[in-house]
Amino acid sequence: LEVIGPDRDGDLMAKPDIWESENVTPKIFIVPNKHNKNAPSSGDRILARLSSAGDGIFEARTIRIIAGAPKQILGIFETINGQGRLHPTDRRSKGDFLIEVSDNLGANPGDLVRAEPLPGRKLGLRKARIVECITTDNRQQVPSIISIVDHDLPTRFSDAALKQAAEATAAPIKGRVDLRDIQLVTIDGLDARDFDDAVWAEPDLNKKNIGGWHIIVSIADVAWYVRPGDALDINAYERGNSVYFPDRVIPMLPEELSNGWCSLVPNEERPCIAVHLWIDADGNLIRNKFCRGIMRSHARLNYHQVQKAYDGNIEEVTGPVLKNVINPLYGAYAALLKNREKRGVLELDMPERKVQLDQNGNVRTISVSERLDSHKLIEEFMILANIAAARTIEKENISCLYRVHDEPSKEKLNNLYQVLNSVNISFDKGGVASPKRFNRVLELAKNSPYAEMVNVLVLRSQAKAEYAPDNLGHFGLALNRYSHFTSPIRRYADLLVHRALIEASQLEIDKTKEPQQNLIKIGEHLSDMERRSAVAERDAIDRFTANYLADQIGDNFIGRINGVTRFGLFITLDVTGADGLIPIRTLNDDYYIHDETHHFLKGRQTGREFRLGEKINVRLDEASTTTGGMIFSLIEKKKFNKTRVKNKKKNSKLRSN
């Protein structure tokens, strides 16, 4: 077997080293062996004994490791009692490595390094040799740098690309539609530095469209500055997208473009590709028209300013644009909401952690991002523009990438059914999958202890959204066609859509043509870079969070169980959203058995259960700033009542009948 790493619940998974059958490869869980100190890790090839767990699922018990994982290890170098130590950044790695002075390559304590294990070692720490010192930056920068290196994210532009960006100048006005007098505004986060979309709306004056709206979404004309096959294009394709960390951004384009000529900064002329959108009173898109224009942003607004202004709290920057800009935007948004509700869009509530740093790079606060109507307004405007882009490309039969989101697989639906059934939430696993069915489940769980958990489970049951030349539709948005058009500064796929729209709408100014490309290969690359970036961002936030909580070891917190595995309970803290593990070995009041089907741990003697969504009090015991991992222990245990469990089983049977 080949060890492929942990699944989303943290269980270590494997796959057959050779699989010649046309059937789907079986799901194989590696059973932890408490007596085996040389436990397998990701990348290892192992000889194992398999046993069936039913439903095509197998458990593997390791006999021996045949071949180890990749040679090099990423870690932080330290000295302890005069000896060099390497703390691996991968939380799945078992223990530190010993680094002799002759093998430390001049590394200083705190440096991020690459090392390769040395042969031998029966007892004691494994030995390794440093082969590369990656950084000597201060500790505050390490979480992001670890993610960048660990996920092999490109960070350097070629000299040719930097030269091309530095020599960029204003785009010519000739051949462009003049939009400078239209009160287009940008609405972004407070800390945003690049502004690639501007919006405007007015009531449609067409008497045949009473209650309808005319909307303009204007996007920076990145295609003017980044041409097919040039140095900027090559670097942008390699990166695929911008990556955002709490302390830095890895931009897809050099700053001269991303924060300069391609950023719709206020009161400066910028080239754009704009789309006129006409919707009816129910938010249906009646028609659209793309144009290549020149615009001037009339205000740089943030989400909180816009929401406060609409709610009656007017500031100096929002006062001049309240009547003619902000109010009409909300009017059009109300119509778009009707269409969203009619389609039955998947309404997941997944709050994001926001890490705020002080001027020294230390974590100041970690909070859950606030969701305002102003956020949703911009989202709906962007979705509408993306729909129009996909329609136009499809109508003109232009080859390009769609943003596709397939419906969930039967296996994932069955897994979701089993978990929801275990917490008595009704979900019919048969029939045709639709966002409305999931929304009913989310509504049932709303205001219950399981609300957050169910949102996570529904998200995990979904297929991955990706880029592909074949239009499969977008399941989550309940759309037949969809593409990404609105963020060409930070997504290469959007730049490709811009080029396709220029061809489809005959907007060429200098007749630059897109060469023939392998869109399947491009879509796979961009989808892969998107996934790598998302994991890198999440890993960095985990490390910043662990760093923030490291001086609170021993403190008590309130959290919920968000994962149940055979080796413990995964916990999410209420305030910070931090994740960690309660190892099953610390639940020493009983021997706990993992019920994989119903996702809970149950005490063999007491019958006590730990279930998904349960709110519990925990103590923070460990917080690793190197791996981002946290270990908790349970406190303030509830008194167990056997009668309550018996009644619970009885009531469950009555409900099922």
# chains A, B, ... in the order shown; residues from 1 in each chain; ligands from 1
$ closest_atom_pairs --of "stretch 110-164 of chain A" --to "stretch 88-103 of chain A" --cutoff "6 Å" --atoms "only C-alpha atoms" --output "tab-separated table"
residue	atom	partner	partner_atom	distance
A:Leu125	CA	A:Phe97	CA	5.8
A:Arg126	CA	A:Phe97	CA	5.0
A:Lys127	CA	A:Leu98	CA	4.6
A:Ala128	CA	A:Ile99	CA	5.6
A:Arg129	CA	A:Asp103	CA	4.9
A:Ile130	CA	A:Asp103	CA	5.9
$ select_by_dssp --residues "stretch 450-507 of chain A" --states "alpha helix (DSSP H)" --output "list in words"
Ala451, Glu452, Met453, Val454, Asn455, Val456, Leu457, Val458, Leu459, Arg460, Ser461, Tyr492, Ala493, Asp494, Leu495, Leu496, Val497, His498, Arg499, Ala500, Leu501, Ile502, Glu503 and Ala504 of chain A
$ residues_around --residues "A:Ala385" --least-positions-apart "6" --cutoff "10 Å" --atoms "only C-alpha atoms" --output "ChimeraX atom specification"
/A:215-219,274-277,285,288,290,379,391,482-486
$ residues_around --residues "A:Glu255" --least-positions-apart "6" --cutoff "12 Å" --atoms "only C-alpha atoms" --output "ChimeraX atom specification"
/A:157,161-166,168,193-194,232,242,249,261-263,489-490
$ write_last_selection --atoms "C-alpha atoms" --output "CSV table (one decimal), in the first residue's frame"
chain,number,residue,atom,x,y,z
A,157,PHE,CA,9.0,37.2,-11.1
A,161,ALA,CA,8.3,40.3,-16.4
A,162,LEU,CA,9.5,42.9,-13.9
A,163,LYS,CA,10.9,45.0,-16.8
A,164,GLN,CA,7.7,44.7,-18.7
A,165,ALA,CA,5.6,45.8,-15.7
A,166,ALA,CA,7.9,48.7,-14.9
A,168,ALA,CA,3.8,49.9,-18.6
A,193,ARG,CA,-4.8,47.2,-2.0
A,194,ASP,CA,-5.9,46.2,-5.5
A,232,LEU,CA,4.0,38.6,-17.6
A,242,SER,CA,-2.7,35.5,-6.0
A,249,VAL,CA,0.3,38.7,-0.5
A,261,TRP,CA,-2.3,50.4,-13.9
A,262,CYS,CA,-4.7,47.5,-13.4
A,263,SER,CA,-6.1,48.8,-10.1
A,489,ILE,CA,-5.7,40.8,-11.4
A,490,ARG,CA,-5.7,37.8,-9.1
$ closest_atom_pairs --of "stretch 462-496 of chain A" --to "stretch 344-347 of chain A" --cutoff "8 Å" --atoms "only C-alpha atoms" --output "CSV"
residue,atom,partner,partner_atom,distance
A:Gly476,CA,A:Leu346,CA,5.2
A:Leu477,CA,A:Val345,CA,4.8
A:Ala478,CA,A:Val345,CA,5.5
$ residues_around --residues "A:Arg481" --least-positions-apart "3" --cutoff "10 Å" --atoms "only C-alpha atoms" --output "mmCIF file with N, CA and C atoms, in the first residue's frame"
data_model
loop_
_atom_site.group_PDB
_atom_site.id
_atom_site.type_symbol
_atom_site.label_atom_id
_atom_site.label_comp_id
_atom_site.auth_asym_id
_atom_site.auth_seq_id
_atom_site.Cartn_x
_atom_site.Cartn_y
_atom_site.Cartn_z
ATOM 1 N N ASN A 386 -20.543 37.300 -14.183
ATOM 2 C CA ASN A 386 -19.954 36.020 -14.592
ATOM 3 C C ASN A 386 -20.924 35.186 -15.425
ATOM 4 N N ILE A 387 -22.209 35.262 -15.088
ATOM 5 C CA ILE A 387 -23.232 34.583 -15.900
ATOM 6 C C ILE A 387 -23.246 35.157 -17.308
ATOM 7 N N ALA A 388 -23.217 36.495 -17.389
ATOM 8 C CA ALA A 388 -23.234 37.157 -18.696
ATOM 9 C C ALA A 388 -22.011 36.775 -19.519
ATOM 10 N N ALA A 389 -20.856 36.663 -18.866
ATOM 11 C CA ALA A 389 -19.636 36.285 -19.576
ATOM 12 C C ALA A 389 -19.768 34.882 -20.152
ATOM 13 N N ALA A 390 -20.258 33.950 -19.351
ATOM 14 C CA ALA A 390 -20.410 32.570 -19.822
ATOM 15 C C ALA A 390 -21.409 32.491 -20.966
ATOM 16 N N ARG A 391 -22.510 33.215 -20.860
ATOM 17 C CA ARG A 391 -23.521 33.225 -21.936
ATOM 18 C C ARG A 391 -22.924 33.734 -23.236
ATOM 19 N N GLU A 394 -20.408 31.248 -24.758
ATOM 20 C CA GLU A 394 -21.105 30.080 -25.290
ATOM 21 C C GLU A 394 -21.869 30.429 -26.565
ATOM 22 N N TYR A 402 -14.747 27.327 -18.264
ATOM 23 C CA TYR A 402 -15.903 27.585 -17.413
ATOM 24 C C TYR A 402 -15.511 27.281 -15.969
ATOM 25 N N ARG A 403 -16.242 27.900 -15.058
ATOM 26 C CA ARG A 403 -16.119 27.526 -13.646
ATOM 27 C C ARG A 403 -17.215 26.503 -13.390
ATOM 28 N N VAL A 404 -16.815 25.250 -13.227
ATOM 29 C CA VAL A 404 -17.792 24.171 -13.142
ATOM 30 C C VAL A 404 -17.821 23.588 -11.730
ATOM 31 N N ASN A 471 -18.703 22.769 -20.395
ATOM 32 C CA ASN A 471 -19.655 23.401 -19.485
ATOM 33 C C ASN A 471 -20.506 22.350 -18.774
ATOM 34 N N LEU A 472 -20.230 22.130 -17.485
ATOM 35 C CA LEU A 472 -21.008 21.197 -16.680
ATOM 36 C C LEU A 472 -22.007 21.918 -15.783
ATOM 37 N N GLY A 473 -22.003 23.253 -15.837
ATOM 38 C CA GLY A 473 -22.885 24.007 -14.957
ATOM 39 C C GLY A 473 -22.282 24.163 -13.572
ATOM 40 N N HIS A 474 -22.960 24.935 -12.739
ATOM 41 C CA HIS A 474 -22.488 25.179 -11.378
ATOM 42 C C HIS A 474 -23.579 24.760 -10.414
ATOM 43 N N PHE A 475 -23.383 23.595 -9.769
ATOM 44 C CA PHE A 475 -24.394 23.017 -8.890
ATOM 45 C C PHE A 475 -24.718 23.949 -7.722
ATOM 46 N N LEU A 477 -24.443 27.152 -7.233
ATOM 47 C CA LEU A 477 -25.145 28.392 -7.589
ATOM 48 C C LEU A 477 -26.413 28.127 -8.390
ATOM 49 N N ALA A 478 -26.707 26.863 -8.651
ATOM 50 C CA ALA A 478 -27.898 26.468 -9.418
ATOM 51 C C ALA A 478 -27.940 27.179 -10.767
#
$ closest_residue --among "A:Lys27, A:Ile279, A:Asp17, A:Ser374" --to "A:Asn206" --atoms "only C-alpha atoms"
A:Ile279
$ residues_around --residues "stretch 623-629 of chain A" --least-positions-apart "4" --cutoff "10 Å" --atoms "only C-alpha atoms" --output "NGL selection string"
:A and (75-76 or 87-93 or 112 or 139 or 142-143 or 146 or 539-553 or 578-581)
$ write_last_selection --atoms "N, CA and C atoms" --output "JSON list (two decimals), in the first residue's frame"
[["chain", "number", "residue", "atom", "x", "y", "z"],
["A", 75, "GLY", "N", 11.64, 22.12, 8.18],
["A", 75, "GLY", "CA", 11.49, 22.30, 9.61],
["A", 75, "GLY", "C", 12.18, 23.56, 10.12],
["A", 76, "ILE", "N", 12.01, 23.80, 11.42],
["A", 76, "ILE", "CA", 12.64, 24.92, 12.10],
["A", 76, "ILE", "C", 13.84, 24.40, 12.88],
["A", 87, "HIS", "N", 12.71, 20.76, 14.17],
["A", 87, "HIS", "CA", 11.30, 20.53, 14.45],
["A", 87, "HIS", "C", 10.55, 20.52, 13.11],
["A", 88, "PRO", "N", 10.10, 19.35, 12.62],
["A", 88, "PRO", "CA", 9.41, 19.30, 11.32],
["A", 88, "PRO", "C", 8.15, 20.17, 11.33],
["A", 89, "THR", "N", 7.86, 20.78, 10.18],
["A", 89, "THR", "CA", 6.66, 21.62, 10.06],
["A", 89, "THR", "C", 5.41, 20.80, 9.82],
["A", 90, "ASP", "N", 5.58, 19.55, 9.39],
["A", 90, "ASP", "CA", 4.44, 18.66, 9.13],
["A", 90, "ASP", "C", 3.99, 18.05, 10.46],
["A", 91, "ARG", "N", 2.75, 18.33, 10.85],
["A", 91, "ARG", "CA", 2.26, 17.85, 12.14],
["A", 91, "ARG", "C", 2.14, 16.33, 12.19],
["A", 92, "ARG", "N", 2.22, 15.67, 11.02],
["A", 92, "ARG", "CA", 2.15, 14.21, 11.00],
["A", 92, "ARG", "C", 3.51, 13.56, 11.27],
["A", 93, "SER", "N", 4.58, 14.36, 11.24],
["A", 93, "SER", "CA", 5.91, 13.81, 11.48],
["A", 93, "SER", "C", 6.04, 13.40, 12.94],
["A", 112, "LEU", "N", 14.22, 28.58, 9.05],
["A", 112, "LEU", "CA", 13.49, 27.55, 8.32],
["A", 112, "LEU", "C", 14.47, 26.88, 7.38],
["A", 139, "ARG", "N", 10.73, 35.65, 13.61],
["A", 139, "ARG", "CA", 9.74, 34.62, 13.90],
["A", 139, "ARG", "C", 8.35, 34.97, 13.40],
["A", 142, "VAL", "N", 7.55, 33.61, 9.93],
["A", 142, "VAL", "CA", 7.74, 32.19, 9.65],
["A", 142, "VAL", "C", 6.46, 31.47, 9.22],
["A", 143, "PRO", "N", 5.28, 31.71, 9.87],
["A", 143, "PRO", "CA", 4.09, 30.94, 9.46],
["A", 143, "PRO", "C", 3.78, 31.02, 7.97],
["A", 146, "ILE", "N", 6.64, 29.23, 5.86],
["A", 146, "ILE", "CA", 6.52, 27.77, 5.88],
["A", 146, "ILE", "C", 5.50, 27.31, 4.84],
["A", 539, "ASP", "N", -3.18, 26.69, 6.20],
["A", 539, "ASP", "CA", -2.08, 26.24, 7.06],
["A", 539, "ASP", "C", -1.41, 27.43, 7.75],
["A", 540, "ALA", "N", -1.23, 28.52, 7.02],
["A", 540, "ALA", "CA", -0.62, 29.71, 7.62],
["A", 540, "ALA", "C", -1.48, 30.27, 8.74],
["A", 541, "ILE", "N", -2.79, 30.33, 8.52],
["A", 541, "ILE", "CA", -3.69, 30.82, 9.56],
["A", 541, "ILE", "C", -3.65, 29.92, 10.78],
["A", 542, "ASP", "N", -3.56, 28.60, 10.56],
["A", 542, "ASP", "CA", -3.43, 27.66, 11.69],
["A", 542, "ASP", "C", -2.18, 27.98, 12.51],
["A", 543, "ARG", "N", -1.07, 28.27, 11.83],
["A", 543, "ARG", "CA", 0.17, 28.56, 12.56],
["A", 543, "ARG", "C", 0.11, 29.91, 13.26],
["A", 544, "PHE", "N", -0.47, 30.91, 12.60],
["A", 544, "PHE", "CA", -0.64, 32.20, 13.28],
["A", 544, "PHE", "C", -1.53, 32.04, 14.52],
["A", 545, "THR", "N", -2.58, 31.22, 14.38],
["A", 545, "THR", "CA", -3.50, 30.99, 15.50],
["A", 545, "THR", "C", -2.79, 30.29, 16.65],
["A", 546, "ALA", "N", -2.00, 29.26, 16.34],
["A", 546, "ALA", "CA", -1.25, 28.56, 17.38],
["A", 546, "ALA", "C", -0.26, 29.50, 18.06],
["A", 547, "ASN", "N", 0.35, 30.38, 17.27],
["A", 547, "ASN", "CA", 1.27, 31.37, 17.82],
["A", 547, "ASN", "C", 0.55, 32.30, 18.79],
["A", 548, "TYR", "N", -0.65, 32.69, 18.41],
["A", 548, "TYR", "CA", -1.46, 33.61, 19.22],
["A", 548, "TYR", "C", -1.87, 32.96, 20.55],
["A", 549, "LEU", "N", -2.18, 31.66, 20.50],
["A", 549, "LEU", "CA", -2.67, 30.96, 21.69],
["A", 549, "LEU", "C", -1.56, 30.31, 22.50],
["A", 550, "ALA", "N", -0.31, 30.37, 22.01],
["A", 550, "ALA", "CA", 0.78, 29.67, 22.68],
["A", 550, "ALA", "C", 1.00, 30.15, 24.10],
["A", 551, "ASP", "N", 0.75, 31.44, 24.36],
["A", 551, "ASP", "CA", 0.94, 31.94, 25.72],
["A", 551, "ASP", "C", -0.32, 31.79, 26.58],
["A", 552, "GLN", "N", -1.32, 31.05, 26.04],
["A", 552, "GLN", "CA", -2.53, 30.78, 26.81],
["A", 552, "GLN", "C", -2.66, 29.29, 27.14],
["A", 553, "ILE", "N", -1.54, 28.58, 27.08],
["A", 553, "ILE", "CA", -1.55, 27.15, 27.44],
["A", 553, "ILE", "C", -1.95, 27.02, 28.91],
["A", 578, "ALA", "N", -10.19, 28.35, 16.26],
["A", 578, "ALA", "CA", -9.00, 27.49, 16.26],
["A", 578, "ALA", "C", -9.41, 26.03, 16.35],
["A", 579, "ASP", "N", -8.64, 25.18, 15.65],
["A", 579, "ASP", "CA", -8.91, 23.74, 15.64],
["A", 579, "ASP", "C", -7.83, 23.00, 16.38],
["A", 580, "GLY", "N", -8.20, 21.91, 17.05],
["A", 580, "GLY", "CA", -7.23, 21.08, 17.74],
["A", 580, "GLY", "C", -7.81, 19.71, 18.05],
["A", 581, "LEU", "N", -7.02, 18.90, 18.73],
["A", 581, "LEU", "CA", -7.38, 17.50, 18.98],
["A", 581, "LEU", "C", -7.39, 17.21, 20.48]]
$ atom_distance --atom1 "atom CA of A:Asn455" --atom2 "atom CA of A:Val618"
22.6 Å
$ select_by_dssp --residues "stretch 319-493 of chain A" --states "strand (DSSP E or B)" --output "list in words"
Arg353, Lys354, Val355, Gln356, Leu357, Val363, Arg364, Thr365, Ile366, Ser367, Val368, Tyr402, Arg403, Val404, His405, Glu466, Tyr467, Ala468, His474, Leu479 and Arg491 of chain A
$ closest_residue --among "A:Trp278, A:Ala223, A:Ser51, A:Leu184" --to "A:Leu205" --atoms "only C-alpha atoms"
A:Trp278
$ residues_around --residues "A:Gly523" --least-positions-apart "3" --cutoff "10 Å" --atoms "only C-alpha atoms" --output "number ranges by chain"
A: 240, 400-403, 466-469, 493, 518-520, 526-529
$ write_last_selection --atoms "C-alpha atoms" --output "CSV table (one decimal), in the first residue's frame"
chain,number,residue,atom,x,y,z
A,240,GLY,CA,-2.4,30.7,-11.4
A,400,CYS,CA,-12.6,29.0,-23.0
A,401,LEU,CA,-12.7,27.8,-19.4
A,402,TYR,CA,-15.9,27.6,-17.4
A,403,ARG,CA,-16.1,27.5,-13.6
A,466,GLU,CA,-12.8,23.6,-10.9
A,467,TYR,CA,-11.9,25.1,-14.2
A,468,ALA,CA,-12.7,23.1,-17.4
A,469,PRO,CA,-13.5,23.8,-21.1
A,493,ALA,CA,-8.7,32.0,-15.5
A,518,ASN,CA,-4.7,22.9,-24.5
A,519,LEU,CA,-7.6,24.1,-22.3
A,520,ILE,CA,-8.0,20.8,-20.5
A,526,LEU,CA,-5.2,26.4,-12.5
A,527,SER,CA,-7.5,24.2,-10.4
A,528,ASP,CA,-4.4,22.6,-8.8
A,529,MET,CA,-2.8,25.9,-8.1
$ atom_distance --atom1 "atom CA of A:Asp150" --atom2 "atom CA of A:Leu74"
7.2 Å
$ atom_distance --atom1 "atom CA of A:Ile294" --atom2 "atom CA of A:Asp373"
29.0 Å
$ closest_residue --among "A:Glu59, A:Glu380, A:Glu352, A:Asp230" --to "A:Val368" --atoms "only C-alpha atoms"
A:Glu352
$ closest_residue --among "A:Val564, A:Leu329, A:Met13, A:Ala107" --to "A:Pro32" --atoms "only C-alpha atoms"
A:Met13
$ closest_atom_pairs --of "stretch 523-642 of chain A" --to "stretch 423-431 of chain A" --cutoff "12 Å" --atoms "only C-alpha atoms" --output "CSV"
residue,atom,partner,partner_atom,distance
A:Thr597,CA,A:Val423,CA,11.7
A:His598,CA,A:Val423,CA,8.2
A:His599,CA,A:Val423,CA,9.4
A:Phe600,CA,A:Val423,CA,10.0
A:Phe610,CA,A:Val423,CA,11.7
A:Arg611,CA,A:Val423,CA,8.3
A:Leu612,CA,A:Val423,CA,8.1
A:Gly613,CA,A:Val423,CA,9.0
A:Glu614,CA,A:Val423,CA,10.4
